[in-house]
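**Q** I am attaching a structure below and will ask some questions about it afterwards.
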Amino acid sequence: RLAAHGVSLSSIGRAVRVRHACSLLITGDEPLPVVGFASGFSDQPHFTRTFHRQTGLTPRSYRVLAGEQGWLAGVEPLAHGHRGGGSWV
């Protein structure tokens, strides 16, 4: 049924992990490897690649921009100018 909508279970899981990382990046100051691991990514390069594909920004850039813009945790990342090729579920 998911395939009929062009969605896979893995894409849903990926979106959930990236959303969690967005929240951690906005609300905390943990090092990026800690954010990635806490969001379910096994290593920093995989976290950075996946995050960039989903948001169009690196985790570091997202954190900096979030601080500059005063974004709040829980706000849909699309509202922050999603530019990536991935889709939020």
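Labels for the structure tokens follow display order: chains A, B, ..., residues from 1 in each chain, ligands from 1.
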Using only C-alpha atoms, which residues sit within 10 Å of Gly67 in chain A once same-chain residues fewer than 6 positions away are excluded, as a list in words?
**A** Leu25, Ile26, Thr27 and Ser61 of chain A
**Q** As a ChimeraX atom specification, please: the residues near Val18 in chain A (cut-off 12 Å, only C-alpha atoms, same-chain neighbours under 5 positions excluded).
**A** /A:11-13,23-25,35-41,46-59,62,76-77,86-89
**Q** Restricted to N, CA, C and O atoms, what would the selected residues look like written as a tab-separated table (two decimals), in the first residue's frame?
**A**
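Result file part05.tsv:
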chain	number	residue	atom	x	y	z
A	11	SER	N	11.95	5.06	3.69
A	11	SER	CA	11.89	6.52	3.56
A	11	SER	C	11.17	7.15	4.75
A	11	SER	O	11.52	8.24	5.20
A	12	ILE	N	10.18	6.46	5.28
A	12	ILE	CA	9.48	6.96	6.47
A	12	ILE	C	10.43	6.96	7.67
A	12	ILE	O	10.53	7.96	8.40
A	13	GLY	N	11.16	5.86	7.85
A	13	GLY	CA	12.13	5.78	8.94
A	13	GLY	C	13.21	6.84	8.84
A	13	GLY	O	13.58	7.47	9.83
A	23	SER	N	15.23	18.46	15.60
A	23	SER	CA	14.83	18.88	16.93
A	23	SER	C	16.05	18.99	17.86
A	23	SER	O	16.19	19.98	18.59
A	24	LEU	N	16.92	17.99	17.82
A	24	LEU	CA	18.11	18.02	18.67
A	24	LEU	C	19.05	19.16	18.27
A	24	LEU	O	19.67	19.79	19.14
A	25	LEU	N	19.16	19.43	16.98
A	25	LEU	CA	20.04	20.51	16.53
A	25	LEU	C	19.52	21.87	16.97
A	25	LEU	O	20.30	22.78	17.26
A	35	VAL	N	24.42	13.89	18.04
A	35	VAL	CA	23.09	14.11	17.47
A	35	VAL	C	22.77	13.00	16.48
A	35	VAL	O	21.68	12.42	16.49
A	36	GLY	N	23.72	12.69	15.61
A	36	GLY	CA	23.51	11.63	14.62
A	36	GLY	C	23.24	10.28	15.27
A	36	GLY	O	22.28	9.59	14.91
A	37	PHE	N	24.06	9.93	16.25
A	37	PHE	CA	23.88	8.65	16.93
A	37	PHE	C	22.54	8.61	17.67
A	37	PHE	O	21.81	7.62	17.61
A	38	ALA	N	22.19	9.71	18.36
A	38	ALA	CA	20.93	9.77	19.11
A	38	ALA	C	19.72	9.72	18.17
A	38	ALA	O	18.61	9.39	18.61
A	39	SER	N	19.94	10.03	16.91
A	39	SER	CA	18.85	10.01	15.92
A	39	SER	C	18.81	8.71	15.13
A	39	SER	O	18.02	8.58	14.20
A	40	GLY	N	19.67	7.77	15.48
A	40	GLY	CA	19.62	6.46	14.87
A	40	GLY	C	20.57	6.22	13.71
A	40	GLY	O	20.45	5.22	13.00
A	41	PHE	N	21.53	7.11	13.52
A	41	PHE	CA	22.51	6.93	12.44
A	41	PHE	C	23.75	6.28	13.02
A	41	PHE	O	24.19	6.60	14.12
A	46	HIS	N	27.34	9.12	7.29
A	46	HIS	CA	26.01	8.69	6.86
A	46	HIS	C	24.95	9.69	7.34
A	46	HIS	O	24.03	10.05	6.59
A	47	PHE	N	25.08	10.14	8.58
A	47	PHE	CA	24.16	11.14	9.12
A	47	PHE	C	24.19	12.41	8.28
A	47	PHE	O	23.16	12.93	7.85
A	48	THR	N	25.38	12.92	8.01
A	48	THR	CA	25.52	14.18	7.25
A	48	THR	C	24.95	14.04	5.84
A	48	THR	O	24.21	14.91	5.37
A	49	ARG	N	25.26	12.93	5.15
A	49	ARG	CA	24.74	12.72	3.78
A	49	ARG	C	23.23	12.64	3.77
A	49	ARG	O	22.56	13.29	2.95
A	50	THR	N	22.67	11.85	4.67
A	50	THR	CA	21.22	11.67	4.71
A	50	THR	C	20.52	12.96	5.08
A	50	THR	O	19.52	13.34	4.47
A	51	PHE	N	21.04	13.65	6.08
A	51	PHE	CA	20.45	14.93	6.51
A	51	PHE	C	20.46	15.93	5.36
A	51	PHE	O	19.46	16.60	5.09
A	52	HIS	N	21.58	16.01	4.66
A	52	HIS	CA	21.70	16.94	3.53
A	52	HIS	C	20.72	16.59	2.41
A	52	HIS	O	20.09	17.48	1.82
A	53	ARG	N	20.59	15.32	2.11
A	53	ARG	CA	19.65	14.90	1.06
A	53	ARG	C	18.21	15.27	1.42
A	53	ARG	O	17.42	15.62	0.56
A	54	GLN	N	17.87	15.15	2.70
A	54	GLN	CA	16.49	15.41	3.15
A	54	GLN	C	16.19	16.90	3.29
A	54	GLN	O	15.06	17.32	3.06
A	55	THR	N	17.18	17.70	3.73
A	55	THR	CA	16.90	19.10	4.07
A	55	THR	C	17.54	20.10	3.13
A	55	THR	O	17.14	21.26	3.13
A	56	GLY	N	18.55	19.67	2.39
A	56	GLY	CA	19.28	20.61	1.55
A	56	GLY	C	20.35	21.36	2.31
A	56	GLY	O	21.01	22.22	1.75
A	57	LEU	N	20.52	21.03	3.59
A	57	LEU	CA	21.53	21.67	4.43
A	57	LEU	C	22.32	20.60	5.17
A	57	LEU	O	21.79	19.53	5.45
A	58	THR	N	23.56	20.91	5.51
A	58	THR	CA	24.30	20.02	6.39
A	58	THR	C	23.76	20.22	7.81
A	58	THR	O	23.14	21.25	8.10
A	59	PRO	N	23.98	19.26	8.69
A	59	PRO	CA	23.52	19.45	10.07
A	59	PRO	C	24.10	20.72	10.71
A	59	PRO	O	23.39	21.46	11.40
A	62	TYR	N	22.31	23.72	9.28
A	62	TYR	CA	20.95	23.75	9.82
A	62	TYR	C	20.96	24.35	11.22
A	62	TYR	O	20.14	25.21	11.54
A	76	GLU	N	7.65	22.21	11.49
A	76	GLU	CA	7.91	21.39	10.30
A	76	GLU	C	9.13	21.91	9.56
A	76	GLU	O	9.20	23.09	9.22
A	77	PRO	N	10.15	21.07	9.32
A	77	PRO	CA	11.35	21.51	8.61
A	77	PRO	C	11.06	22.11	7.24
A	77	PRO	O	11.80	22.95	6.78
A	86	GLY	N	14.86	14.80	-1.09
A	86	GLY	CA	14.05	13.89	-0.30
A	86	GLY	C	12.70	14.49	0.00
A	86	GLY	O	12.44	15.66	-0.28
A	87	SER	N	11.83	13.71	0.57
A	87	SER	CA	10.52	14.25	0.91
A	87	SER	C	10.22	13.98	2.36
A	87	SER	O	10.63	12.95	2.91
A	88	TRP	N	9.55	14.90	3.00
A	88	TRP	CA	9.14	14.72	4.38
A	88	TRP	C	7.83	13.97	4.39
A	88	TRP	O	6.95	14.22	3.60
A	89	VAL	N	7.73	13.04	5.28
A	89	VAL	CA	6.52	12.21	5.37
A	89	VAL	C	5.66	12.76	6.47
A	89	VAL	O	6.09	13.19	7.48
**Q** Find the residue from A:Cys22, A:Val16, A:Leu2, A:Val7 that sits nearest to Trp71 in chain A; use only C-alpha atoms when measuring.
**A**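 Using only C-alpha atoms, the shortest distance to Trp71 in chain A belongs to A:Cys22.
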**Q** Would you mind reading off the distance between CA of Ser42 in chain A and CA of Ala66 in chain A, one decimal, in Å?
**A**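 CA of Ser42 in chain A sits 24.3 Å away from CA of Ala66 in chain A.
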**Q** Would you work out the distance separating CA of Glu68 in chain A from CA of His20 in chain A, expressed in Å to one decimal?
**A**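 Interatomic distance here is 19.8 Å.
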**Q** Go through A:His5, A:Asp29, A:Ser10, A:Val34 one by one, measure the shortest atom-to-atom distance of each to Val64 in chain A using only C-alpha atoms, and give the residue with the smallest value.
**A**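 Of A:His5, A:Asp29, A:Ser10, A:Val34, the one nearest Val64 in chain A is A:Asp29, counting only C-alpha atoms.
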**Q** Identify, with DSSP run on backbone atoms, the residues in range 1-57 of chain A assigned to helix (DSSP H, G or I), and express the list as a VMD selection string.
**A** chain A and resid 3 to 5 9 to 27 32 to 38 44 to 55
